[in-house]
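J.: Below is a structure I'd like to ask you about.
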Amino acid sequence: MVEMKVEGLTLDPLTNMPIIILKDSTGAKALPIWVGYFEANAIALEIENISTPRPMTHDLIKNLIQNMKATVNHILVNELKDNTFYAVISVVCGDTTLSIDSRPSDAIALALRTKSPIFVEEQVIEAAKSLDLPDPEKTNTDDEKQWQDWLNKIKPEDFGKL
């Protein structure tokens, strides 16, 4: 396992889909993970330390874990299968450690909120080097453009209106 940190968010130039960039402490290893717009927004809010008037889903999960006197030990991106990343959230509750299946984007959003370490299996980093990238000829970016415009224009105070 390699410990990694969120280096930032970017957009795939072909699909306009958000990508989370994870990097190890030396900067020698990086892992791009494609995510949805809402998941990217949840991560961006935490990276930018923007609080919302009411708890977002990942804040709710964090609150549930804390109120149950449990802690997030770490998250682990543990598999890459058919161009899909998989992760587990390791939660410690008393003497019990639970491994909870998760999308990497949700696990990362929770790890950021709980200040928990993010790990990636070595074989995932290696497998990601041969990802099948999207074919620009088969990509419909009309809907994605609409979401990107929304993400670019959203402000923290807009959350009070929802």
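Going by the structure tokens order, chains are called A, B, ..., each with residues numbered from 1, while ligands are numbered from 1 in the order shown.
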From a backbone DSSP assignment, name each residue in chain A labelled strand (DSSP E or B), as a PyMOL selection string.

T.: chain A and resi 2-11+18-24+30-34+70-81+84-93+96-102+118-120

J.: I'd like the contact shell of Val91 of chain A - 12 Å cut-off, only C-alpha atoms, skipping same-chain residues fewer than 3 positions apart - returned as JSON, numbers by chain.

T.: {"A": [61, 62, 64, 65, 66, 68, 69, 70, 71, 72, 73, 74, 75, 76, 88, 94, 95, 96, 97, 98, 99, 100, 101, 107, 110, 111, 114, 116]}

J.: Keeping only N, CA and C atoms, write the selected residues as a PDB file, in the first residue's frame.

T.:
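Saved the output as result.pdb:
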ATOM      1  N   ILE A  61     -22.241  11.203   7.024  1.00  0.00           N
ATOM      2  CA  ILE A  61     -21.554   9.937   7.306  1.00  0.00           C
ATOM      3  C   ILE A  61     -20.501  10.154   8.386  1.00  0.00           C
ATOM      4  N   LYS A  62     -19.741  11.228   8.273  1.00  0.00           N
ATOM      5  CA  LYS A  62     -18.736  11.547   9.299  1.00  0.00           C
ATOM      6  C   LYS A  62     -19.402  11.696  10.673  1.00  0.00           C
ATOM      7  N   LEU A  64     -22.280  10.453  11.704  1.00  0.00           N
ATOM      8  CA  LEU A  64     -22.761   9.141  12.152  1.00  0.00           C
ATOM      9  C   LEU A  64     -21.624   8.330  12.768  1.00  0.00           C
ATOM     10  N   ILE A  65     -20.505   8.287  12.078  1.00  0.00           N
ATOM     11  CA  ILE A  65     -19.357   7.516  12.575  1.00  0.00           C
ATOM     12  C   ILE A  65     -18.892   8.067  13.919  1.00  0.00           C
ATOM     13  N   GLN A  66     -18.756   9.375  14.011  1.00  0.00           N
ATOM     14  CA  GLN A  66     -18.290   9.983  15.262  1.00  0.00           C
ATOM     15  C   GLN A  66     -19.285   9.769  16.406  1.00  0.00           C
ATOM     16  N   MET A  68     -21.254   7.357  16.803  1.00  0.00           N
ATOM     17  CA  MET A  68     -21.229   5.948  17.205  1.00  0.00           C
ATOM     18  C   MET A  68     -19.916   5.605  17.898  1.00  0.00           C
ATOM     19  N   LYS A  69     -19.132   6.629  18.209  1.00  0.00           N
ATOM     20  CA  LYS A  69     -17.835   6.458  18.889  1.00  0.00           C
ATOM     21  C   LYS A  69     -16.886   5.581  18.073  1.00  0.00           C
ATOM     22  N   ALA A  70     -16.965   5.710  16.767  1.00  0.00           N
ATOM     23  CA  ALA A  70     -16.081   4.982  15.860  1.00  0.00           C
ATOM     24  C   ALA A  70     -15.159   5.998  15.177  1.00  0.00           C
ATOM     25  N   THR A  71     -14.159   5.490  14.476  1.00  0.00           N
ATOM     26  CA  THR A  71     -13.255   6.358  13.732  1.00  0.00           C
ATOM     27  C   THR A  71     -12.951   5.735  12.375  1.00  0.00           C
ATOM     28  N   VAL A  72     -12.664   6.596  11.417  1.00  0.00           N
ATOM     29  CA  VAL A  72     -12.198   6.112  10.122  1.00  0.00           C
ATOM     30  C   VAL A  72     -10.697   5.919  10.268  1.00  0.00           C
ATOM     31  N   ASN A  73     -10.260   4.665  10.186  1.00  0.00           N
ATOM     32  CA  ASN A  73      -8.845   4.332  10.316  1.00  0.00           C
ATOM     33  C   ASN A  73      -8.073   4.791   9.080  1.00  0.00           C
ATOM     34  N   HIS A  74      -8.614   4.448   7.907  1.00  0.00           N
ATOM     35  CA  HIS A  74      -8.023   4.849   6.623  1.00  0.00           C
ATOM     36  C   HIS A  74      -9.000   4.460   5.520  1.00  0.00           C
ATOM     37  N   ILE A  75      -8.700   4.927   4.316  1.00  0.00           N
ATOM     38  CA  ILE A  75      -9.420   4.416   3.149  1.00  0.00           C
ATOM     39  C   ILE A  75      -8.374   3.805   2.229  1.00  0.00           C
ATOM     40  N   LEU A  76      -8.813   2.838   1.437  1.00  0.00           N
ATOM     41  CA  LEU A  76      -7.901   2.119   0.560  1.00  0.00           C
ATOM     42  C   LEU A  76      -8.548   1.948  -0.806  1.00  0.00           C
ATOM     43  N   VAL A  88     -12.296   0.706  -0.171  1.00  0.00           N
ATOM     44  CA  VAL A  88     -12.908   0.319   1.093  1.00  0.00           C
ATOM     45  C   VAL A  88     -12.571   1.383   2.128  1.00  0.00           C
ATOM     46  N   GLY A  94     -14.791   0.293  18.644  1.00  0.00           N
ATOM     47  CA  GLY A  94     -14.412  -0.561  19.772  1.00  0.00           C
ATOM     48  C   GLY A  94     -13.284  -1.482  19.360  1.00  0.00           C
ATOM     49  N   ASP A  95     -13.497  -2.779  19.528  1.00  0.00           N
ATOM     50  CA  ASP A  95     -12.487  -3.778  19.165  1.00  0.00           C
ATOM     51  C   ASP A  95     -12.691  -4.315  17.748  1.00  0.00           C
ATOM     52  N   THR A  96     -13.656  -3.777  17.046  1.00  0.00           N
ATOM     53  CA  THR A  96     -14.005  -4.285  15.725  1.00  0.00           C
ATOM     54  C   THR A  96     -13.537  -3.328  14.629  1.00  0.00           C
ATOM     55  N   THR A  97     -12.931  -3.897  13.595  1.00  0.00           N
ATOM     56  CA  THR A  97     -12.565  -3.120  12.410  1.00  0.00           C
ATOM     57  C   THR A  97     -13.434  -3.589  11.257  1.00  0.00           C
ATOM     58  N   LEU A  98     -14.138  -2.657  10.650  1.00  0.00           N
ATOM     59  CA  LEU A  98     -15.021  -2.965   9.532  1.00  0.00           C
ATOM     60  C   LEU A  98     -14.408  -2.441   8.242  1.00  0.00           C
ATOM     61  N   SER A  99     -14.513  -3.209   7.172  1.00  0.00           N
ATOM     62  CA  SER A  99     -14.116  -2.761   5.841  1.00  0.00           C
ATOM     63  C   SER A  99     -15.384  -2.569   5.044  1.00  0.00           C
ATOM     64  N   ILE A 100     -15.671  -1.331   4.696  1.00  0.00           N
ATOM     65  CA  ILE A 100     -16.925  -0.991   4.037  1.00  0.00           C
ATOM     66  C   ILE A 100     -16.651  -0.650   2.575  1.00  0.00           C
ATOM     67  N   ASP A 101     -17.308  -1.383   1.672  1.00  0.00           N
ATOM     68  CA  ASP A 101     -17.174  -1.157   0.237  1.00  0.00           C
ATOM     69  C   ASP A 101     -17.627   0.256  -0.101  1.00  0.00           C
ATOM     70  N   ALA A 107     -15.150   7.606  -0.592  1.00  0.00           N
ATOM     71  CA  ALA A 107     -14.149   7.292   0.422  1.00  0.00           C
ATOM     72  C   ALA A 107     -13.185   8.461   0.594  1.00  0.00           C
ATOM     73  N   LEU A 110     -14.827  11.365   2.399  1.00  0.00           N
ATOM     74  CA  LEU A 110     -14.913  11.067   3.832  1.00  0.00           C
ATOM     75  C   LEU A 110     -13.537  11.165   4.494  1.00  0.00           C
ATOM     76  N   ALA A 111     -12.516  10.658   3.842  1.00  0.00           N
ATOM     77  CA  ALA A 111     -11.159  10.724   4.394  1.00  0.00           C
ATOM     78  C   ALA A 111     -10.729  12.178   4.606  1.00  0.00           C
ATOM     79  N   THR A 114     -12.494  13.505   7.704  1.00  0.00           N
ATOM     80  CA  THR A 114     -12.077  12.898   8.971  1.00  0.00           C
ATOM     81  C   THR A 114     -10.561  12.955   9.167  1.00  0.00           C
ATOM     82  N   SER A 116      -8.307  11.363   7.637  1.00  0.00           N
ATOM     83  CA  SER A 116      -7.818   9.983   7.634  1.00  0.00           C
ATOM     84  C   SER A 116      -6.879   9.756   6.452  1.00  0.00           C
TER      85      SER A 116
END

J.: Report, in Å with one decimal, the straight-line distance from atom CA of Glu7 of chain A to atom CA of Ile21 of chain A.

T.: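 Taking atom CA of Glu7 of chain A as the start and atom CA of Ile21 of chain A as the end point, the length is 5.4 Å.
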
J.: Determine the nearest neighbour of Gly8 of chain A from the options A:Gln123, A:Ile108, A:Ala28, A:Ser130, counting only C-alpha atoms.

T.: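 Of A:Gln123, A:Ile108, A:Ala28, A:Ser130, the one nearest Gly8 of chain A, counting only C-alpha atoms, is A:Ile108.
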
J.: Could you give me the residues within segment 7-147 of chain A that DSSP places in alpha helix (DSSP H), as a ChimeraX atom specification?

T.: /A:37-47,57-67,104-114,122-128,142-147

J.: Just the residues within 6 Å of Leu22 of chain A, please, counting only C-alpha atoms, with nothing from its chain fewer than 5 positions along; format it as an MDAnalysis selection string.

T.: chainID A and resid 4:7 30:31

J.: Store the residues picked out above, limited to N, CA and C atoms, as an mmCIF file, in the first residue's frame.

T.:
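Just written: again.cif:
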data_model
loop_
_atom_site.group_PDB
_atom_site.id
_atom_site.type_symbol
_atom_site.label_atom_id
_atom_site.label_comp_id
_atom_site.auth_asym_id
_atom_site.auth_seq_id
_atom_site.Cartn_x
_atom_site.Cartn_y
_atom_site.Cartn_z
ATOM 1 N N MET A 4 -1.199 8.171 -0.138
ATOM 2 C CA MET A 4 -1.300 9.248 -1.117
ATOM 3 C C MET A 4 -2.136 10.379 -0.543
ATOM 4 N N LYS A 5 -1.984 11.529 -1.144
ATOM 5 C CA LYS A 5 -2.752 12.719 -0.756
ATOM 6 C C LYS A 5 -3.468 13.239 -1.999
ATOM 7 N N VAL A 6 -4.552 13.965 -1.764
ATOM 8 C CA VAL A 6 -5.252 14.594 -2.885
ATOM 9 C C VAL A 6 -4.412 15.779 -3.330
ATOM 10 N N GLU A 7 -3.910 15.686 -4.535
ATOM 11 C CA GLU A 7 -3.109 16.764 -5.114
ATOM 12 C C GLU A 7 -4.013 17.868 -5.642
ATOM 13 N N ALA A 30 1.508 8.856 -9.132
ATOM 14 C CA ALA A 30 0.249 9.606 -9.202
ATOM 15 C C ALA A 30 -0.845 8.675 -9.696
ATOM 16 N N LEU A 31 -2.067 8.979 -9.290
ATOM 17 C CA LEU A 31 -3.206 8.175 -9.710
ATOM 18 C C LEU A 31 -4.369 9.104 -10.044
#

J.: Of the candidates A:Lys115, A:Val35, A:Cys93, A:Met1, which one gets nearest to Asn67 of chain A if we count only C-alpha atoms?

T.: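 So, comparing all the options, the nearest one is A:Cys93.
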
J.: Extract, using only C-alpha atoms, all DNA, RNA and protein residues at most 8 Å from Arg113 of chain A, discarding same-chain residues fewer than 4 positions from it, and format them as a list in words.

T.: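 Everything that qualifies: Glu46, His58, Asp59, Lys62 and Ala109 of chain A.
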
J.: Might you pull out every residue within 7 Å of Glu39 of chain A, with only C-alpha atoms counted and same-chain residues fewer than 4 positions away left off, and present them as a PyMOL selection string?

T.: chain A and resi 35+43+105-106

J.: Kindly export the residues of the current selection with N, CA and C atoms, as a PDB file, in the first residue's frame.

T.:
ATOM      1  N   VAL A  35     -14.335  10.936 -11.641  1.00  0.00           N
ATOM      2  CA  VAL A  35     -15.479  10.948 -10.723  1.00  0.00           C
ATOM      3  C   VAL A  35     -16.600  11.782 -11.337  1.00  0.00           C
ATOM      4  N   ILE A  43     -15.718  17.002  -2.797  1.00  0.00           N
ATOM      5  CA  ILE A  43     -14.283  17.014  -2.495  1.00  0.00           C
ATOM      6  C   ILE A  43     -13.745  18.438  -2.553  1.00  0.00           C
ATOM      7  N   SER A 105     -14.452   7.988  -4.796  1.00  0.00           N
ATOM      8  CA  SER A 105     -14.786   9.400  -4.603  1.00  0.00           C
ATOM      9  C   SER A 105     -15.449   9.630  -3.246  1.00  0.00           C
ATOM     10  N   ASP A 106     -16.349   8.741  -2.847  1.00  0.00           N
ATOM     11  CA  ASP A 106     -17.000   8.868  -1.540  1.00  0.00           C
ATOM     12  C   ASP A 106     -16.000   8.611  -0.415  1.00  0.00           C
TER      13      ASP A 106
END
